[in-house]
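For reference, the structure is listed below as structure tokens.
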Amino acid sequence: MSKKHSSHVIGIDIGGTGIKGGIVDLGKGKLVGERFRIDTPQPATPQSVAKAVAEVVDELMTRPEAPAADSPVGITFPAIISHGIALSAANVDKSWINADVDAIFTAELGRRVEVVNDADAAGLAEARYGAGEDVDGTVLVITLGTGIGSAFIFNGKLVPNVELGHLEIDGVDAETKASAVARERDGIDWDEYAVRLQRYFSHVEFLFSPELFIVGGGISKRSEDFLPQLRLRAPIVPAKLKNDAGIVGGALEAAIHFKLAK
Ligand code: BGC
């Protein structure tokens, strides 16, 4: 790989409504310059999403801070990703199930990519640069958004594809009650939402006894409205990287995978 901005890697975060990308400085764990966002195409099929991702990468590559053209791109995706293949599609187009996401994006971008679950990416970023920095033992990063995403970090290392949003609690899939979208859909206030979150986090704490919970997703901006009401053994804190965690974690995962970083 050429030396141009060698600590910079592009990260792309694919969500149900937007595809966001940025150039990440891996030394600092921060974006260099503004993020670039476009709407997720509808229907969000593999081909249409791949084209949109290419558009975001093209824009970022026109910038003076852009990494070398042969550097890998880290891409997050909201599904189980095993060896580059999507094995679930809870909140995305069902045509993604069993799609080789890695191969589709590699072909479209014409460069190396590493695909990682969206919550896993956010978790990695928080563990390395954010609220979980230097915390030993088990750290659980839970993202509250359209669904519930989760990242299991042990001694700073990610255990991938832990799907704690789909724990069955009181007979239902937990994310259908306790995600940020479930709160909006049901029109409940913060106090009622905190009751649902208490039920959810107590159960997760009973199962895993983490040292720390980190709460991510757009709703973490409003953490003052619900986190102080939760009673758990472990501390529970908002994510530090906020909306950039996915982009930063995606880029970090690509750098680790292709041995540009540890
Ligand atoms: C999916 C996870 C994803 C989470 C957040 C869940 O429904 O199963 O893979 O990380 O939503 O997007």
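In the structure tokens, chains take the letters A, B, ... in the order shown, each chain's residues start at 1, and ligands count up from 1 in the order shown.
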Please check which protein, DNA or RNA residues sit within 7 Å of ligand 1, counting only C-alpha atoms and all ligand atoms, and write them as a PyMOL selection string.
-> chain A and resi 78-80+88-91+117-119+143+145-150+163+165-166
Contacts of region 195-259 of chain A with region 21-43 of chain A up to 10 Å, shortest pair per row, only C-alpha atoms, as JSON lines:
{"residue": "A:Leu241", "atom": "CA", "partner": "A:Lys30", "partner_atom": "CA", "distance": 8.4}
{"residue": "A:Asp244", "atom": "CA", "partner": "A:Leu31", "partner_atom": "CA", "distance": 7.7}
{"residue": "A:Ala245", "atom": "CA", "partner": "A:Lys30", "partner_atom": "CA", "distance": 9.1}
{"residue": "A:Gly246", "atom": "CA", "partner": "A:Gly21", "partner_atom": "CA", "distance": 9.2}
{"residue": "A:Ile247", "atom": "CA", "partner": "A:Gly21", "partner_atom": "CA", "distance": 6.2}
{"residue": "A:Val248", "atom": "CA", "partner": "A:Val24", "partner_atom": "CA", "distance": 6.0}
{"residue": "A:Gly249", "atom": "CA", "partner": "A:Gly29", "partner_atom": "CA", "distance": 8.5}
{"residue": "A:Gly250", "atom": "CA", "partner": "A:Val24", "partner_atom": "CA", "distance": 9.4}
{"residue": "A:Ala251", "atom": "CA", "partner": "A:Val24", "partner_atom": "CA", "distance": 6.6}
{"residue": "A:Leu252", "atom": "CA", "partner": "A:Leu26", "partner_atom": "CA", "distance": 6.8}
{"residue": "A:Ala255", "atom": "CA", "partner": "A:Leu26", "partner_atom": "CA", "distance": 8.6}
Considering only alpha helix (DSSP H) as DSSP defines it on the backbone, what residues of region 47-242 of chain A qualify? List them as a PDB file with N, CA and C atoms, in the first residue's frame.
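Saved to part_27.pdb:
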ATOM      1  N   GLN A  47     -27.608  -4.587  -4.907  1.00  0.00           N
ATOM      2  CA  GLN A  47     -27.035  -3.809  -6.007  1.00  0.00           C
ATOM      3  C   GLN A  47     -27.182  -2.310  -5.793  1.00  0.00           C
ATOM      4  N   SER A  48     -28.378  -1.868  -5.355  1.00  0.00           N
ATOM      5  CA  SER A  48     -28.598  -0.422  -5.183  1.00  0.00           C
ATOM      6  C   SER A  48     -27.754   0.112  -4.025  1.00  0.00           C
ATOM      7  N   VAL A  49     -27.622  -0.659  -2.967  1.00  0.00           N
ATOM      8  CA  VAL A  49     -26.826  -0.198  -1.825  1.00  0.00           C
ATOM      9  C   VAL A  49     -25.342  -0.150  -2.209  1.00  0.00           C
ATOM     10  N   ALA A  50     -24.887  -1.133  -2.978  1.00  0.00           N
ATOM     11  CA  ALA A  50     -23.473  -1.139  -3.387  1.00  0.00           C
ATOM     12  C   ALA A  50     -23.157   0.120  -4.203  1.00  0.00           C
ATOM     13  N   LYS A  51     -24.084   0.499  -5.084  1.00  0.00           N
ATOM     14  CA  LYS A  51     -23.867   1.721  -5.900  1.00  0.00           C
ATOM     15  C   LYS A  51     -23.798   2.949  -4.999  1.00  0.00           C
ATOM     16  N   ALA A  52     -24.681   3.003  -4.002  1.00  0.00           N
ATOM     17  CA  ALA A  52     -24.696   4.150  -3.088  1.00  0.00           C
ATOM     18  C   ALA A  52     -23.397   4.211  -2.276  1.00  0.00           C
ATOM     19  N   VAL A  53     -22.910   3.055  -1.851  1.00  0.00           N
ATOM     20  CA  VAL A  53     -21.645   3.020  -1.094  1.00  0.00           C
ATOM     21  C   VAL A  53     -20.518   3.554  -1.977  1.00  0.00           C
ATOM     22  N   ALA A  54     -20.531   3.163  -3.254  1.00  0.00           N
ATOM     23  CA  ALA A  54     -19.484   3.624  -4.178  1.00  0.00           C
ATOM     24  C   ALA A  54     -19.539   5.144  -4.335  1.00  0.00           C
ATOM     25  N   GLU A  55     -20.752   5.686  -4.344  1.00  0.00           N
ATOM     26  CA  GLU A  55     -20.905   7.144  -4.450  1.00  0.00           C
ATOM     27  C   GLU A  55     -20.265   7.846  -3.249  1.00  0.00           C
ATOM     28  N   VAL A  56     -20.485   7.285  -2.069  1.00  0.00           N
ATOM     29  CA  VAL A  56     -19.913   7.897  -0.848  1.00  0.00           C
ATOM     30  C   VAL A  56     -18.379   7.792  -0.897  1.00  0.00           C
ATOM     31  N   VAL A  57     -17.877   6.628  -1.279  1.00  0.00           N
ATOM     32  CA  VAL A  57     -16.413   6.456  -1.339  1.00  0.00           C
ATOM     33  C   VAL A  57     -15.819   7.418  -2.376  1.00  0.00           C
ATOM     34  N   ASP A  58     -16.475   7.552  -3.530  1.00  0.00           N
ATOM     35  CA  ASP A  58     -15.965   8.460  -4.576  1.00  0.00           C
ATOM     36  C   ASP A  58     -15.845   9.888  -4.057  1.00  0.00           C
ATOM     37  N   GLU A  59     -16.868  10.338  -3.328  1.00  0.00           N
ATOM     38  CA  GLU A  59     -16.806  11.704  -2.796  1.00  0.00           C
ATOM     39  C   GLU A  59     -15.625  11.844  -1.841  1.00  0.00           C
ATOM     40  N   LEU A  60     -15.458  10.869  -0.952  1.00  0.00           N
ATOM     41  CA  LEU A  60     -14.386  10.973   0.057  1.00  0.00           C
ATOM     42  C   LEU A  60     -13.009  10.947  -0.615  1.00  0.00           C
ATOM     43  N   MET A  61     -12.906  10.195  -1.716  1.00  0.00           N
ATOM     44  CA  MET A  61     -11.609  10.063  -2.387  1.00  0.00           C
ATOM     45  C   MET A  61     -11.203  11.337  -3.139  1.00  0.00           C
ATOM     46  N   VAL A 101     -21.817 -10.128   0.972  1.00  0.00           N
ATOM     47  CA  VAL A 101     -21.712  -8.666   1.056  1.00  0.00           C
ATOM     48  C   VAL A 101     -20.290  -8.222   0.712  1.00  0.00           C
ATOM     49  N   ASP A 102     -19.333  -8.972   1.216  1.00  0.00           N
ATOM     50  CA  ASP A 102     -17.929  -8.646   0.952  1.00  0.00           C
ATOM     51  C   ASP A 102     -17.650  -8.666  -0.557  1.00  0.00           C
ATOM     52  N   ALA A 103     -18.076  -9.735  -1.233  1.00  0.00           N
ATOM     53  CA  ALA A 103     -17.797  -9.861  -2.675  1.00  0.00           C
ATOM     54  C   ALA A 103     -18.523  -8.774  -3.470  1.00  0.00           C
ATOM     55  N   ILE A 104     -19.761  -8.473  -3.080  1.00  0.00           N
ATOM     56  CA  ILE A 104     -20.552  -7.457  -3.810  1.00  0.00           C
ATOM     57  C   ILE A 104     -19.871  -6.089  -3.722  1.00  0.00           C
ATOM     58  N   PHE A 105     -19.441  -5.716  -2.517  1.00  0.00           N
ATOM     59  CA  PHE A 105     -18.810  -4.397  -2.346  1.00  0.00           C
ATOM     60  C   PHE A 105     -17.402  -4.368  -2.942  1.00  0.00           C
ATOM     61  N   THR A 106     -16.681  -5.479  -2.828  1.00  0.00           N
ATOM     62  CA  THR A 106     -15.338  -5.531  -3.413  1.00  0.00           C
ATOM     63  C   THR A 106     -15.431  -5.297  -4.918  1.00  0.00           C
ATOM     64  N   ALA A 107     -16.403  -5.964  -5.558  1.00  0.00           N
ATOM     65  CA  ALA A 107     -16.559  -5.829  -7.014  1.00  0.00           C
ATOM     66  C   ALA A 107     -16.961  -4.397  -7.373  1.00  0.00           C
ATOM     67  N   GLU A 108     -17.885  -3.825  -6.636  1.00  0.00           N
ATOM     68  CA  GLU A 108     -18.385  -2.486  -6.970  1.00  0.00           C
ATOM     69  C   GLU A 108     -17.307  -1.410  -6.751  1.00  0.00           C
ATOM     70  N   LEU A 109     -16.545  -1.562  -5.665  1.00  0.00           N
ATOM     71  CA  LEU A 109     -15.549  -0.522  -5.336  1.00  0.00           C
ATOM     72  C   LEU A 109     -14.209  -0.753  -6.033  1.00  0.00           C
ATOM     73  N   ASP A 118     -22.856  -3.687  12.243  1.00  0.00           N
ATOM     74  CA  ASP A 118     -22.832  -2.274  12.650  1.00  0.00           C
ATOM     75  C   ASP A 118     -22.565  -2.060  14.145  1.00  0.00           C
ATOM     76  N   ALA A 119     -23.211  -2.871  14.984  1.00  0.00           N
ATOM     77  CA  ALA A 119     -23.001  -2.698  16.429  1.00  0.00           C
ATOM     78  C   ALA A 119     -21.606  -3.161  16.834  1.00  0.00           C
ATOM     79  N   ASP A 120     -21.108  -4.201  16.173  1.00  0.00           N
ATOM     80  CA  ASP A 120     -19.741  -4.648  16.457  1.00  0.00           C
ATOM     81  C   ASP A 120     -18.752  -3.520  16.152  1.00  0.00           C
ATOM     82  N   ALA A 121     -18.986  -2.814  15.039  1.00  0.00           N
ATOM     83  CA  ALA A 121     -18.096  -1.706  14.679  1.00  0.00           C
ATOM     84  C   ALA A 121     -18.156  -0.615  15.745  1.00  0.00           C
ATOM     85  N   ALA A 122     -19.370  -0.266  16.156  1.00  0.00           N
ATOM     86  CA  ALA A 122     -19.513   0.777  17.179  1.00  0.00           C
ATOM     87  C   ALA A 122     -18.827   0.337  18.474  1.00  0.00           C
ATOM     88  N   GLY A 123     -18.967  -0.939  18.787  1.00  0.00           N
ATOM     89  CA  GLY A 123     -18.354  -1.469  20.008  1.00  0.00           C
ATOM     90  C   GLY A 123     -16.836  -1.403  19.965  1.00  0.00           C
ATOM     91  N   LEU A 124     -16.291  -1.793  18.819  1.00  0.00           N
ATOM     92  CA  LEU A 124     -14.823  -1.745  18.671  1.00  0.00           C
ATOM     93  C   LEU A 124     -14.315  -0.323  18.867  1.00  0.00           C
ATOM     94  N   ALA A 125     -15.019   0.630  18.247  1.00  0.00           N
ATOM     95  CA  ALA A 125     -14.592   2.027  18.335  1.00  0.00           C
ATOM     96  C   ALA A 125     -14.679   2.527  19.776  1.00  0.00           C
ATOM     97  N   GLU A 126     -15.746   2.169  20.470  1.00  0.00           N
ATOM     98  CA  GLU A 126     -15.884   2.609  21.866  1.00  0.00           C
ATOM     99  C   GLU A 126     -14.825   1.965  22.754  1.00  0.00           C
ATOM    100  N   ALA A 127     -14.508   0.696  22.469  1.00  0.00           N
ATOM    101  CA  ALA A 127     -13.508   0.014  23.292  1.00  0.00           C
ATOM    102  C   ALA A 127     -12.125   0.620  23.073  1.00  0.00           C
ATOM    103  N   ARG A 128     -11.831   1.017  21.833  1.00  0.00           N
ATOM    104  CA  ARG A 128     -10.488   1.511  21.530  1.00  0.00           C
ATOM    105  C   ARG A 128     -10.317   3.000  21.861  1.00  0.00           C
ATOM    106  N   TYR A 129     -11.337   3.790  21.519  1.00  0.00           N
ATOM    107  CA  TYR A 129     -11.167   5.251  21.631  1.00  0.00           C
ATOM    108  C   TYR A 129     -12.191   5.916  22.559  1.00  0.00           C
ATOM    109  N   GLU A 175     -35.922  -6.430  20.927  1.00  0.00           N
ATOM    110  CA  GLU A 175     -35.835  -5.159  20.199  1.00  0.00           C
ATOM    111  C   GLU A 175     -37.211  -4.603  19.796  1.00  0.00           C
ATOM    112  N   THR A 176     -38.207  -5.480  19.745  1.00  0.00           N
ATOM    113  CA  THR A 176     -39.542  -4.976  19.376  1.00  0.00           C
ATOM    114  C   THR A 176     -40.163  -4.136  20.498  1.00  0.00           C
ATOM    115  N   LYS A 177     -39.611  -4.195  21.699  1.00  0.00           N
ATOM    116  CA  LYS A 177     -40.125  -3.428  22.847  1.00  0.00           C
ATOM    117  C   LYS A 177     -39.177  -2.306  23.255  1.00  0.00           C
ATOM    118  N   ALA A 178     -37.874  -2.574  23.181  1.00  0.00           N
ATOM    119  CA  ALA A 178     -36.928  -1.659  23.845  1.00  0.00           C
ATOM    120  C   ALA A 178     -36.027  -0.875  22.896  1.00  0.00           C
ATOM    121  N   ALA A 180     -35.131   2.162  20.130  1.00  0.00           N
ATOM    122  CA  ALA A 180     -35.556   3.568  20.066  1.00  0.00           C
ATOM    123  C   ALA A 180     -36.800   3.703  19.191  1.00  0.00           C
ATOM    124  N   VAL A 181     -36.840   2.918  18.130  1.00  0.00           N
ATOM    125  CA  VAL A 181     -38.000   2.990  17.230  1.00  0.00           C
ATOM    126  C   VAL A 181     -39.256   2.444  17.911  1.00  0.00           C
ATOM    127  N   ALA A 182     -39.111   1.431  18.763  1.00  0.00           N
ATOM    128  CA  ALA A 182     -40.266   0.896  19.499  1.00  0.00           C
ATOM    129  C   ALA A 182     -40.845   1.975  20.410  1.00  0.00           C
ATOM    130  N   ARG A 183     -39.974   2.788  21.013  1.00  0.00           N
ATOM    131  CA  ARG A 183     -40.442   3.883  21.882  1.00  0.00           C
ATOM    132  C   ARG A 183     -41.289   4.874  21.075  1.00  0.00           C
ATOM    133  N   GLU A 184     -40.754   5.241  19.911  1.00  0.00           N
ATOM    134  CA  GLU A 184     -41.497   6.202  19.057  1.00  0.00           C
ATOM    135  C   GLU A 184     -42.809   5.592  18.570  1.00  0.00           C
ATOM    136  N   ARG A 185     -42.703   4.365  18.105  1.00  0.00           N
ATOM    137  CA  ARG A 185     -43.894   3.693  17.551  1.00  0.00           C
ATOM    138  C   ARG A 185     -45.011   3.618  18.593  1.00  0.00           C
ATOM    139  N   ASP A 186     -44.642   3.304  19.841  1.00  0.00           N
ATOM    140  CA  ASP A 186     -45.657   3.124  20.884  1.00  0.00           C
ATOM    141  C   ASP A 186     -46.009   4.441  21.573  1.00  0.00           C
ATOM    142  N   TRP A 190     -40.397   9.033  28.411  1.00  0.00           N
ATOM    143  CA  TRP A 190     -39.090   8.513  28.817  1.00  0.00           C
ATOM    144  C   TRP A 190     -39.196   7.603  30.031  1.00  0.00           C
ATOM    145  N   ASP A 191     -40.127   7.934  30.958  1.00  0.00           N
ATOM    146  CA  ASP A 191     -40.251   7.099  32.163  1.00  0.00           C
ATOM    147  C   ASP A 191     -40.713   5.687  31.802  1.00  0.00           C
ATOM    148  N   GLU A 192     -41.691   5.632  30.899  1.00  0.00           N
ATOM    149  CA  GLU A 192     -42.174   4.304  30.494  1.00  0.00           C
ATOM    150  C   GLU A 192     -41.098   3.548  29.712  1.00  0.00           C
ATOM    151  N   TYR A 193     -40.351   4.321  28.943  1.00  0.00           N
ATOM    152  CA  TYR A 193     -39.269   3.678  28.176  1.00  0.00           C
ATOM    153  C   TYR A 193     -38.203   3.136  29.136  1.00  0.00           C
ATOM    154  N   ALA A 194     -37.908   3.903  30.185  1.00  0.00           N
ATOM    155  CA  ALA A 194     -36.899   3.454  31.152  1.00  0.00           C
ATOM    156  C   ALA A 194     -37.323   2.139  31.813  1.00  0.00           C
ATOM    157  N   VAL A 195     -38.628   1.951  32.012  1.00  0.00           N
ATOM    158  CA  VAL A 195     -39.105   0.688  32.602  1.00  0.00           C
ATOM    159  C   VAL A 195     -38.773  -0.477  31.653  1.00  0.00           C
ATOM    160  N   ARG A 196     -39.000  -0.247  30.364  1.00  0.00           N
ATOM    161  CA  ARG A 196     -38.681  -1.308  29.376  1.00  0.00           C
ATOM    162  C   ARG A 196     -37.172  -1.567  29.340  1.00  0.00           C
ATOM    163  N   LEU A 197     -36.406  -0.485  29.406  1.00  0.00           N
ATOM    164  CA  LEU A 197     -34.951  -0.666  29.353  1.00  0.00           C
ATOM    165  C   LEU A 197     -34.441  -1.373  30.607  1.00  0.00           C
ATOM    166  N   GLN A 198     -35.069  -1.061  31.757  1.00  0.00           N
ATOM    167  CA  GLN A 198     -34.674  -1.727  33.004  1.00  0.00           C
ATOM    168  C   GLN A 198     -34.861  -3.238  32.864  1.00  0.00           C
ATOM    169  N   ARG A 199     -36.017  -3.631  32.323  1.00  0.00           N
ATOM    170  CA  ARG A 199     -36.305  -5.061  32.137  1.00  0.00           C
ATOM    171  C   ARG A 199     -35.239  -5.687  31.228  1.00  0.00           C
ATOM    172  N   TYR A 200     -34.930  -4.963  30.163  1.00  0.00           N
ATOM    173  CA  TYR A 200     -33.970  -5.490  29.189  1.00  0.00           C
ATOM    174  C   TYR A 200     -32.556  -5.588  29.785  1.00  0.00           C
ATOM    175  N   PHE A 201     -32.072  -4.473  30.312  1.00  0.00           N
ATOM    176  CA  PHE A 201     -30.682  -4.472  30.804  1.00  0.00           C
ATOM    177  C   PHE A 201     -30.499  -5.381  32.024  1.00  0.00           C
ATOM    178  N   SER A 202     -31.522  -5.499  32.900  1.00  0.00           N
ATOM    179  CA  SER A 202     -31.375  -6.396  34.057  1.00  0.00           C
ATOM    180  C   SER A 202     -31.171  -7.829  33.573  1.00  0.00           C
ATOM    181  N   HIS A 203     -31.935  -8.178  32.537  1.00  0.00           N
ATOM    182  CA  HIS A 203     -31.827  -9.546  32.020  1.00  0.00           C
ATOM    183  C   HIS A 203     -30.438  -9.776  31.409  1.00  0.00           C
ATOM    184  N   VAL A 204     -29.985  -8.822  30.623  1.00  0.00           N
ATOM    185  CA  VAL A 204     -28.671  -8.968  29.990  1.00  0.00           C
ATOM    186  C   VAL A 204     -27.586  -9.011  31.081  1.00  0.00           C
ATOM    187  N   GLU A 205     -27.753  -8.188  32.109  1.00  0.00           N
ATOM    188  CA  GLU A 205     -26.751  -8.183  33.188  1.00  0.00           C
ATOM    189  C   GLU A 205     -26.726  -9.528  33.916  1.00  0.00           C
ATOM    190  N   PHE A 206     -27.910 -10.092  34.136  1.00  0.00           N
ATOM    191  CA  PHE A 206     -27.976 -11.407  34.796  1.00  0.00           C
ATOM    192  C   PHE A 206     -27.233 -12.460  33.965  1.00  0.00           C
ATOM    193  N   LEU A 207     -27.353 -12.374  32.649  1.00  0.00           N
ATOM    194  CA  LEU A 207     -26.724 -13.385  31.790  1.00  0.00           C
ATOM    195  C   LEU A 207     -25.215 -13.215  31.669  1.00  0.00           C
ATOM    196  N   PHE A 208     -24.718 -11.962  31.647  1.00  0.00           N
ATOM    197  CA  PHE A 208     -23.298 -11.757  31.300  1.00  0.00           C
ATOM    198  C   PHE A 208     -22.449 -11.051  32.353  1.00  0.00           C
TER     199      PHE A 208
END
Can you check which residues of region 47-79 of chain A DSSP gives as strand (DSSP E or B) on the backbone and send them as a list in words?
-> Val73, Gly74, Ile75, Thr76 and Phe77 of chain A
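As for CA of Ala69 (chain A) and CA of Lys20 (chain A), they are spaced 19.2 Å apart.
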Counting only C-alpha atoms, what is within 10 Å of Lys94 (chain A), bar same-chain residues fewer than 6 positions away, as a count of residues only?
-> 4
Nearest to Asp225 (chain A) by atom-to-atom distance, counting only C-alpha atoms, from A:Asp93, A:Glu253, A:Asp189, A:Glu211 | A:Asp189
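Using only C-alpha atoms, the nearest neighbour of Leu87 (chain A) within the list A:Glu65, A:Asn161, A:Gly137, A:Val73 is A:Asn161.
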Which of these residues is nearest to Thr138 (chain A), using only C-alpha atoms: A:Ser209, A:Ser95, A:Ser6, A:Glu168?
->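 Of all the options, A:Ser209 lies closest to Thr138 (chain A).
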Do you know which residues are at most 12 Å from Ser223 (chain A) counting only C-alpha atoms, after dropping those on the same chain fewer than 2 positions away, and could you put them as a PyMOL selection string?
-> chain A and resi 143-144+180+190+193-194+197+214-221+225-230+236-240+242
Please save C-alpha atoms of the selected residues as a CSV table (one decimal), in the first residue's frame.
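This is the output file out-v6.csv:
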chain,number,residue,atom,x,y,z
A,143,THR,CA,-27.1,0.3,20.4
A,144,LEU,CA,-30.7,1.5,20.5
A,180,ALA,CA,-35.6,3.6,20.1
A,190,TRP,CA,-39.1,8.5,28.8
A,193,TYR,CA,-39.3,3.7,28.2
A,194,ALA,CA,-36.9,3.5,31.2
A,197,LEU,CA,-35.0,-0.7,29.4
A,214,ILE,CA,-22.2,1.5,27.0
A,215,VAL,CA,-25.3,2.7,25.3
A,216,GLY,CA,-25.0,3.8,21.6
A,217,GLY,CA,-27.3,4.8,18.8
A,218,GLY,CA,-28.8,8.2,18.0
A,219,ILE,CA,-30.8,8.1,21.2
A,220,SER,CA,-27.6,8.2,23.3
A,221,LYS,CA,-27.7,12.0,22.8
A,225,ASP,CA,-33.6,11.3,29.9
A,226,PHE,CA,-33.4,7.6,30.7
A,227,LEU,CA,-30.0,6.3,31.9
A,228,PRO,CA,-30.1,7.9,35.4
A,229,GLN,CA,-33.3,5.9,36.1
A,230,LEU,CA,-31.7,2.5,35.5
A,236,ILE,CA,-24.1,2.3,32.3
A,237,VAL,CA,-22.8,5.2,30.3
A,238,PRO,CA,-23.5,6.8,26.9
A,239,ALA,CA,-21.2,6.1,24.0
A,240,LYS,CA,-18.6,8.8,23.5
A,242,LYS,CA,-21.9,9.2,19.2
Between A:Leu212, A:Val172, A:Ile256, A:Ile14, which has the minimum distance to Ile142 (chain A) (counting only C-alpha atoms)?
->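 Selected residue with least distance to Ile142 (chain A): A:Leu212.
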